[in-house]
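Just entry-v3.cif here, mmCIF, C-alpha atoms:
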```cif
data_structure
loop_
_atom_site.label_atom_id
_atom_site.label_comp_id
_atom_site.auth_asym_id
_atom_site.auth_seq_id
_atom_site.Cartn_x
_atom_site.Cartn_y
_atom_site.Cartn_z
CA MET A 840 -0.41 -2.43 11.90
CA GLN A 841 -0.70 -6.03 10.69
CA GLU A 842 0.83 -8.74 12.84
CA ALA A 843 3.31 -9.77 10.12
CA THR A 844 4.55 -6.17 9.86
CA PHE A 845 4.86 -5.91 13.65
CA LEU A 846 6.86 -9.15 13.78
CA ILE A 847 9.18 -8.08 10.93
CA LEU A 848 9.95 -4.79 12.69
CA THR A 849 10.48 -6.68 15.96
CA ALA A 850 12.92 -9.04 14.21
CA LEU A 851 14.93 -6.01 13.07
CA ALA A 852 14.79 -4.23 16.45
CA ALA A 853 17.92 -5.92 17.82
CA GLY A 854 20.03 -5.36 14.69
CA SER A 855 20.15 -5.79 10.92
CA GLN A 856 19.09 -9.08 9.32
CA HIS A 857 18.72 -10.54 5.81
CA GLY A 858 15.51 -12.01 4.37
CA TYR A 859 15.92 -15.61 5.50
CA GLY A 860 17.12 -14.43 8.92
CA ILE A 861 13.92 -12.42 9.30
CA ILE A 862 11.78 -15.45 8.38
CA THR A 863 13.42 -17.73 10.96
CA ASP A 864 13.43 -15.02 13.61
CA VAL A 865 9.73 -14.23 13.10
CA GLU A 866 8.99 -17.94 13.42
CA GLN A 867 10.86 -18.02 16.71
CA ILE A 868 9.32 -14.81 18.10
CA SER A 869 5.81 -16.05 17.27
CA LYS A 870 6.56 -19.51 18.76
CA ARG A 871 6.23 -21.15 15.31
CA ARG A 872 2.77 -19.67 14.74
CA VAL A 873 3.79 -17.32 11.91
CA ARG A 874 5.92 -18.60 9.04
CA LEU A 875 6.37 -15.81 6.47
CA ARG A 876 6.57 -16.86 2.85
CA PRO A 877 9.08 -15.04 0.63
CA GLY A 878 6.44 -13.32 -1.54
CA THR A 879 4.69 -11.98 1.57
CA LEU A 880 7.98 -10.92 3.17
CA TYR A 881 9.23 -8.93 0.18
CA THR A 882 5.90 -7.19 -0.38
CA ALA A 883 6.08 -6.09 3.27
CA LEU A 884 9.77 -5.09 3.09
CA ASP A 885 9.12 -3.06 -0.07
CA ARG A 886 6.30 -1.16 1.64
CA LEU A 887 8.27 -0.61 4.86
CA ARG A 888 11.14 0.78 2.80
CA ALA A 889 8.83 3.10 0.87
CA ASP A 890 7.38 4.32 4.20
CA GLY A 891 10.89 5.03 5.50
CA LEU A 892 10.64 2.57 8.43
CA ILE A 893 13.54 0.37 7.25
CA VAL A 894 16.60 0.80 5.00
CA VAL A 895 19.12 -1.51 3.35
CA ASP A 896 22.08 -1.83 5.71
CA ARG A 897 24.54 -3.76 3.52
CA GLU A 898 24.83 -6.57 0.97
CA GLU A 899 26.88 -9.76 1.06
CA VAL A 900 27.31 -12.64 -1.33
CA VAL A 901 27.60 -16.00 0.46
CA ASP A 902 27.87 -19.22 -1.64
CA SER A 903 26.88 -17.14 -4.69
CA ARG A 904 23.66 -16.14 -2.92
CA LEU A 905 22.86 -12.47 -2.50
CA ARG A 906 22.07 -11.44 1.07
CA ARG A 907 20.69 -7.97 1.60
CA TYR A 908 20.56 -6.85 5.22
CA TYR A 909 17.84 -4.51 6.43
CA ARG A 910 17.72 -2.35 9.55
CA LEU A 911 15.22 -0.10 11.30
CA THR A 912 15.38 3.67 10.78
CA PRO A 913 14.75 5.97 13.78
CA ALA A 914 11.19 6.41 12.40
CA GLY A 915 10.85 2.61 12.28
CA SER A 916 11.96 2.22 15.93
CA GLU A 917 9.53 4.91 16.99
CA ARG A 918 6.64 3.32 15.07
CA LEU A 919 7.39 -0.10 16.58
CA ALA A 920 7.57 1.36 20.11
CA GLN A 921 4.19 3.09 19.63
CA GLU A 922 2.60 -0.11 18.38
CA ALA A 923 4.09 -2.18 21.22
CA ASP A 924 2.75 0.39 23.72
CA ARG A 925 -0.70 0.19 22.19
CA LEU A 926 -0.77 -3.62 22.27
CA HIS A 927 0.57 -3.63 25.82
CA ALA A 928 -2.13 -1.20 26.99
CA ASN A 929 -4.86 -3.31 25.35
CA ALA A 930 -3.51 -6.51 26.88
CA ARG A 931 -3.36 -4.89 30.33
CA VAL A 932 -7.02 -3.86 30.16
CA ALA A 933 -8.00 -7.36 29.02
CA MET A 934 -6.06 -8.97 31.88
CA SER A 935 -7.46 -6.65 34.54
CA ARG A 936 -11.05 -7.20 33.38
CA LEU A 937 -10.61 -10.94 33.35
CA ASP A 938 -9.25 -10.62 36.87
CA LEU A 939 -12.31 -8.62 38.02
CA ASN A 940 -14.55 -11.45 36.80
CA GLY A 941 -12.54 -13.93 38.81
CA GLY A 942 -11.00 -15.23 35.60
CA VAL A 943 -14.28 -16.80 34.47
CA ALA A 944 -15.82 -15.35 31.34
CA GLY A 945 -19.60 -15.29 30.88
CA ALA A 946 -20.33 -17.01 34.22
CA MET B 1029 21.27 -31.24 -14.12
CA SER B 1030 21.48 -31.08 -10.34
CA ASN B 1031 18.39 -30.82 -8.18
CA SER B 1032 19.40 -27.39 -6.96
CA THR B 1033 19.80 -25.95 -10.50
CA ASP B 1034 16.45 -27.51 -11.42
CA LEU B 1035 14.81 -25.94 -8.41
CA GLN B 1036 16.38 -22.55 -9.10
CA ARG B 1037 15.16 -22.61 -12.68
CA ARG B 1038 11.61 -23.33 -11.48
CA TYR B 1039 11.73 -20.57 -8.89
CA ARG B 1040 12.93 -18.15 -11.57
CA ARG B 1041 10.00 -19.13 -13.75
CA LEU B 1042 7.62 -18.17 -10.91
CA LEU B 1043 9.48 -14.93 -10.22
CA ALA B 1044 9.06 -14.02 -13.91
CA PHE B 1045 5.43 -13.14 -13.09
CA TYR B 1046 6.62 -10.11 -11.11
CA PRO B 1047 6.93 -6.76 -12.90
CA HIS B 1048 10.33 -6.02 -14.41
CA ALA B 1049 11.23 -3.22 -11.99
CA PHE B 1050 10.50 -5.39 -8.94
CA ARG B 1051 12.56 -8.26 -10.37
CA ARG B 1052 15.53 -6.03 -11.08
CA GLU B 1053 15.47 -4.91 -7.47
CA HIS B 1054 14.63 -8.16 -5.63
CA GLU B 1055 14.94 -11.28 -7.82
CA GLN B 1056 18.40 -12.40 -6.68
CA GLU B 1057 17.52 -11.72 -3.09
CA ILE B 1058 14.20 -13.62 -3.10
CA LEU B 1059 15.85 -16.48 -4.96
CA SER B 1060 18.46 -16.71 -2.19
CA VAL B 1061 15.74 -16.78 0.47
CA LEU B 1062 13.83 -19.48 -1.43
CA MET B 1063 16.98 -21.59 -1.83
CA ASP B 1064 17.90 -21.09 1.84
CA GLY B 1065 14.47 -22.39 2.83
CA ALA B 1066 14.53 -25.38 0.45
CA ASP B 1067 14.86 -28.94 1.77
CA PRO B 1068 17.93 -30.92 0.70
CA GLY B 1069 17.16 -32.68 -2.59
CA GLN B 1070 14.04 -30.62 -3.21
CA ARG B 1071 13.38 -30.31 -6.96
CA ARG B 1072 10.12 -28.39 -7.16
CA PRO B 1073 8.68 -25.32 -5.43
CA ARG B 1074 6.15 -26.24 -2.73
CA PRO B 1075 2.53 -25.53 -3.76
CA SER B 1076 2.20 -23.01 -0.92
CA GLU B 1077 5.31 -21.16 -2.15
CA SER B 1078 4.05 -21.07 -5.73
CA ALA B 1079 0.66 -19.74 -4.60
CA ASP B 1080 2.34 -17.09 -2.43
CA LEU B 1081 4.65 -15.89 -5.22
CA LEU B 1082 1.88 -15.80 -7.85
CA THR B 1083 -0.48 -13.95 -5.51
CA HIS B 1084 2.08 -11.31 -4.61
CA ALA B 1085 3.26 -10.99 -8.25
CA THR B 1086 -0.35 -10.23 -9.26
CA LEU B 1087 -0.82 -7.75 -6.42
CA THR B 1088 2.46 -6.01 -7.28
CA ARG B 1089 1.37 -5.75 -10.92
CA ALA B 1090 -2.01 -4.36 -9.91
CA ARG B 1091 -0.26 -1.55 -8.02
CA GLN B 1092 1.92 -0.65 -11.03
CA PRO B 1093 1.25 2.46 -13.13
CA THR B 1094 -1.31 1.62 -15.80
CA SER B 1095 -0.39 0.76 -19.38
CA TRP B 1096 -0.08 3.13 -22.36
CA GLU B 1097 -3.58 2.23 -23.66
CA GLU B 1098 -5.12 3.01 -20.31
CA ARG B 1099 -3.40 6.38 -20.05
CA HIS B 1100 -4.55 7.39 -23.54
CA HIS B 1101 -8.08 5.98 -23.64
CA PRO B 1102 -9.00 5.72 -19.96
CA GLY B 1103 -12.78 6.12 -20.39
CA LEU B 1104 -12.95 3.23 -22.86
CA TRP B 1105 -10.79 0.96 -20.72
CA VAL B 1106 -12.96 1.34 -17.64
CA TRP B 1107 -15.81 -0.23 -19.60
CA VAL B 1108 -13.64 -2.87 -21.27
CA ARG B 1109 -12.48 -4.02 -17.83
CA VAL B 1110 -15.98 -3.96 -16.34
CA LEU B 1111 -17.28 -6.06 -19.27
CA ILE B 1112 -14.43 -8.58 -19.00
CA GLY B 1113 -15.12 -8.83 -15.24
CA ILE B 1114 -18.87 -9.39 -15.79
CA TRP B 1115 -18.15 -11.99 -18.48
CA LEU B 1116 -15.82 -13.89 -16.15
CA VAL B 1117 -18.46 -13.89 -13.39
CA ILE B 1118 -21.11 -15.20 -15.83
CA LEU B 1119 -18.67 -17.86 -17.03
CA THR B 1120 -18.03 -18.89 -13.40
CA GLY B 1121 -21.78 -19.24 -12.89
CA ILE B 1122 -22.19 -21.41 -15.98
CA LEU B 1123 -19.24 -23.64 -15.07
CA CYS B 1124 -20.35 -24.10 -11.45
CA GLN B 1125 -23.91 -24.93 -12.53
CA ASP B 1126 -22.46 -27.76 -14.59
CA GLY B 1127 -20.47 -28.98 -11.62
CA TYR B 1128 -17.10 -27.57 -12.75
CA TRP B 1129 -16.11 -26.08 -9.42
CA TRP B 1130 -12.66 -25.09 -10.62
CA GLY B 1131 -14.55 -22.30 -12.42
CA LEU B 1132 -14.51 -20.47 -9.07
CA ALA B 1133 -10.84 -19.71 -9.78
CA LEU B 1134 -12.04 -17.28 -12.48
CA LEU B 1135 -13.38 -15.01 -9.75
CA ALA B 1136 -9.80 -13.93 -8.95
CA PRO B 1137 -9.06 -12.39 -12.38
CA ALA B 1138 -12.64 -11.00 -12.41
CA ALA B 1139 -11.97 -9.23 -9.10
CA LEU B 1140 -8.68 -7.90 -10.49
CA HIS B 1141 -10.45 -6.44 -13.56
CA PHE B 1142 -13.10 -4.79 -11.36
CA TYR B 1143 -10.38 -3.38 -9.11
CA LEU B 1144 -8.42 -1.97 -12.07
CA ALA B 1145 -11.61 -0.46 -13.55
CA LEU B 1146 -12.38 1.17 -10.21
CA ARG B 1147 -8.86 2.52 -9.90
CA LEU B 1148 -8.91 3.89 -13.44
CA GLY B 1149 -12.33 5.46 -12.84
CA ARG B 1150 -11.03 7.18 -9.74
CA SER B 1151 -7.96 8.51 -11.55
CA ILE B 1152 -10.24 9.97 -14.28
CA ASP B 1153 -12.31 11.65 -11.56
CA SER B 1154 -9.29 13.14 -9.85
CA GLN B 1155 -7.90 14.40 -13.17
CA ARG B 1156 -11.24 16.06 -13.87
CA GLU B 1157 -11.20 17.72 -10.48
CA ALA B 1158 -7.64 18.94 -10.95
CA GLY B 1159 -8.07 20.09 -14.57
CA GLY B 1160 -11.68 21.22 -14.86
CA PRO B 1161 -13.15 24.43 -13.46
CA SER B 1162 -13.55 23.91 -9.75
CA PRO B 1163 -16.79 25.09 -8.16
CA ALA B 1164 -16.44 27.77 -5.50
CA PRO B 1165 -16.46 26.25 -2.01
#
```
Written as structure tokens, how would this file's structure read?
Amino acid sequence: MQEATFLILTALAAGSQHGYGIITDVEQISKRRVRLRPGTLYTALDRLRADGLIVVDREEVVDSRLRRYYRLTPAGSERLAQEADRLHANARVAMSRLDLNGGVAGA
Amino acid sequence: MSNSTDLQRRYRRLLAFYPHAFRREHEQEILSVLMDGADPGQRRPRPSESADLLTHATLTRARQPTSWEERHHPGLWVWVRVLIGIWLVILTGILCQDGYWWGLALLAPAALHFYLALRLGRSIDSQREAGGPSPAP
């Protein structure tokens, strides 16, 4: 799973959000490292919808701007949990090995 | 005309590069996101935004079902696309040799033509496998 996809699913894990909400949330989660552009975001959302990982939750019009809210499906939650597990396991191995070497790489 | 209407018109012009079906589904929504992210008084799309929209519009088009011509004369169109791609690469070479480095931009449409030729070639192969007599395993 690409990092952008992982971050989008993470942004939706706590509840439904609209496009701009996802962009600002992803920026916050990634500590301002990832700023999704709208073209990238909607290509990803379209694919996630086709894969059944997210669905449209509801639509609102605020100041004549259309806001479509997306939320995770049960399959989406499961996929995100699997990916988080995988990343966590990898990170744990990396940390423990660094620890074994006394925290100094290539000494 | 106000800055915001100006900006919206320019965003719409960029979104027009997306296929019709995608626009019907997402145009209003993407436009809202773009306007939400715009700075006060901004009149033009940022270069990075334009590049992002044009790139994804092209990729979305490339994933679309092929055109009528391609469905009816697929064998011919594989070669037409390969030849256009080769011609664009040669043109890039000529331009760069003369110091026109912007010619490198032609490699993007060349790559797209090669990709579409490859995809069409594969679809002909799979049709052959599905329709023709299949050899015993």
With chain B as the partner and 8 Å as the cut-off, tabulate the residues of chain A that qualify, each row holding the nearest pair of atoms and their distance in Å to one decimal, using all atoms listed in the file, sorted by chain and rising number, as JSON lines.
```
{"residue": "A:Gly858", "atom": "CA", "partner": "B:Val1061", "partner_atom": "CA", "distance": 6.2}
{"residue": "A:Tyr859", "atom": "CA", "partner": "B:Val1061", "partner_atom": "CA", "distance": 5.2}
{"residue": "A:Arg876", "atom": "CA", "partner": "B:Glu1077", "partner_atom": "CA", "distance": 6.7}
{"residue": "A:Pro877", "atom": "CA", "partner": "B:Ile1058", "partner_atom": "CA", "distance": 6.5}
{"residue": "A:Gly878", "atom": "CA", "partner": "B:Leu1081", "partner_atom": "CA", "distance": 4.8}
{"residue": "A:Thr879", "atom": "CA", "partner": "B:His1084", "partner_atom": "CA", "distance": 6.7}
{"residue": "A:Tyr881", "atom": "CA", "partner": "B:Ile1058", "partner_atom": "CA", "distance": 7.6}
{"residue": "A:Thr882", "atom": "CA", "partner": "B:His1084", "partner_atom": "CA", "distance": 7.0}
{"residue": "A:Arg904", "atom": "CA", "partner": "B:Ser1060", "partner_atom": "CA", "distance": 5.3}
{"residue": "A:Leu905", "atom": "CA", "partner": "B:Glu1057", "partner_atom": "CA", "distance": 5.4}
{"residue": "A:Arg906", "atom": "CA", "partner": "B:Glu1057", "partner_atom": "CA", "distance": 6.2}
{"residue": "A:Arg907", "atom": "CA", "partner": "B:Glu1057", "partner_atom": "CA", "distance": 6.8}
```
For the residues selected in the previous step, produce a file with C-alpha atoms as a compact mmCIF listing (two decimals), in the frame of the given file.
```txt
# COMPACT_ATOMS: atom_id res chain seq x y z
CA GLY A 858 15.51 -12.01 4.37
CA TYR A 859 15.92 -15.61 5.50
CA ARG A 876 6.57 -16.86 2.85
CA PRO A 877 9.08 -15.04 0.63
CA GLY A 878 6.44 -13.32 -1.54
CA THR A 879 4.69 -11.98 1.57
CA TYR A 881 9.23 -8.93 0.18
CA THR A 882 5.90 -7.19 -0.38
CA ARG A 904 23.66 -16.14 -2.92
CA LEU A 905 22.86 -12.47 -2.50
CA ARG A 906 22.07 -11.44 1.07
CA ARG A 907 20.69 -7.97 1.60
```
To test your reading of the syntax: which residues would the PyMOL selection byres ((chain A and resi 909-915) around 6) return for the file shown? Reply as number ranges by chain.
A: 851, 855-856, 892-896, 908, 916-918
Starting from the displayed file, determine the output of the PyMOL selection byres ((chain B and resi 1091) around 12) and express the residue list as a list in words.
Thr882 and Arg886 of chain A; Tyr1046, Pro1047, Phe1050, His1084, Ala1085, Thr1086, Leu1087, Thr1088, Arg1089, Ala1090, Gln1092, Pro1093, Thr1094, Ser1095, Leu1140, Tyr1143, Leu1144, Arg1147 and Leu1148 of chain B
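Minimum atom-to-atom distances from A:Met934, A:Ala852, A:Ile847, A:Leu926 to A:Leu884 were compared using only C-alpha atoms, and the lowest value belongs to A:Ile847.
Atom CA of B:Trp1130 sits 16.2 Å away from atom CA of B:Trp1115.
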For A:Arg872: contacts at 12 Å, all atoms listed in the file, fewer than 6 positions along chain excluded, given as a PDB file with C-alpha atoms, in the frame of the given file:
```
ATOM      1  CA  GLU A 842       0.830  -8.740  12.840  1.00  0.00           C
ATOM      2  CA  ALA A 843       3.310  -9.770  10.120  1.00  0.00           C
ATOM      3  CA  LEU A 846       6.860  -9.150  13.780  1.00  0.00           C
ATOM      4  CA  ILE A 862      11.780 -15.450   8.380  1.00  0.00           C
ATOM      5  CA  THR A 863      13.420 -17.730  10.960  1.00  0.00           C
ATOM      6  CA  ASP A 864      13.430 -15.020  13.610  1.00  0.00           C
ATOM      7  CA  VAL A 865       9.730 -14.230  13.100  1.00  0.00           C
ATOM      8  CA  GLU A 866       8.990 -17.940  13.420  1.00  0.00           C
TER       9      GLU A 866
END
```
How many Å separate atom CA of A:Asn929 from atom CA of A:Leu848?
19.5 Å
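Interatomic distance, atom CA of A:Asp890 to atom CA of A:Gln921: 15.8 Å.
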Nearest to B:Arg1156, chosen from B:His1048, B:Ile1122, B:Gly1103, B:Tyr1128, with all atoms listed in the file counted in the distances:
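Distance minimum relative to B:Arg1156 lands on B:Gly1103.
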Of the candidates B:Asp1034, B:His1141, B:Gln1070, B:Leu1135, which one gets nearest to B:Leu1123 if we count all atoms listed in the file?
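Of all the options, B:Leu1135 lies closest to B:Leu1123.
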Fewer than 6 positions away in the same chain doesn't count, so skip those; otherwise give me all residues within 9 Å of B:Arg1038, counting all atoms listed in the file, as a ChimeraX atom specification.
/B:1071-1073
The PyMOL selection byres ((chain B and resi 1132) around 12) - which residues does that actually catch in the file I just gave you? List them as a PyMOL selection string.
chain B and resi 1116-1125+1127-1131+1133-1139
Next, the residues of the selection above should be written as a compact mmCIF listing (two decimals), in the frame of the given file with C-alpha atoms.
```txt
# COMPACT_ATOMS: atom_id res chain seq x y z
CA LEU B 1116 -15.82 -13.89 -16.15
CA VAL B 1117 -18.46 -13.89 -13.39
CA ILE B 1118 -21.11 -15.20 -15.83
CA LEU B 1119 -18.67 -17.86 -17.03
CA THR B 1120 -18.03 -18.89 -13.40
CA GLY B 1121 -21.78 -19.24 -12.89
CA ILE B 1122 -22.19 -21.41 -15.98
CA LEU B 1123 -19.24 -23.64 -15.07
CA CYS B 1124 -20.35 -24.10 -11.45
CA GLN B 1125 -23.91 -24.93 -12.53
CA GLY B 1127 -20.47 -28.98 -11.62
CA TYR B 1128 -17.10 -27.57 -12.75
CA TRP B 1129 -16.11 -26.08 -9.42
CA TRP B 1130 -12.66 -25.09 -10.62
CA GLY B 1131 -14.55 -22.30 -12.42
CA ALA B 1133 -10.84 -19.71 -9.78
CA LEU B 1134 -12.04 -17.28 -12.48
CA LEU B 1135 -13.38 -15.01 -9.75
CA ALA B 1136 -9.80 -13.93 -8.95
CA PRO B 1137 -9.06 -12.39 -12.38
CA ALA B 1138 -12.64 -11.00 -12.41
CA ALA B 1139 -11.97 -9.23 -9.10
```
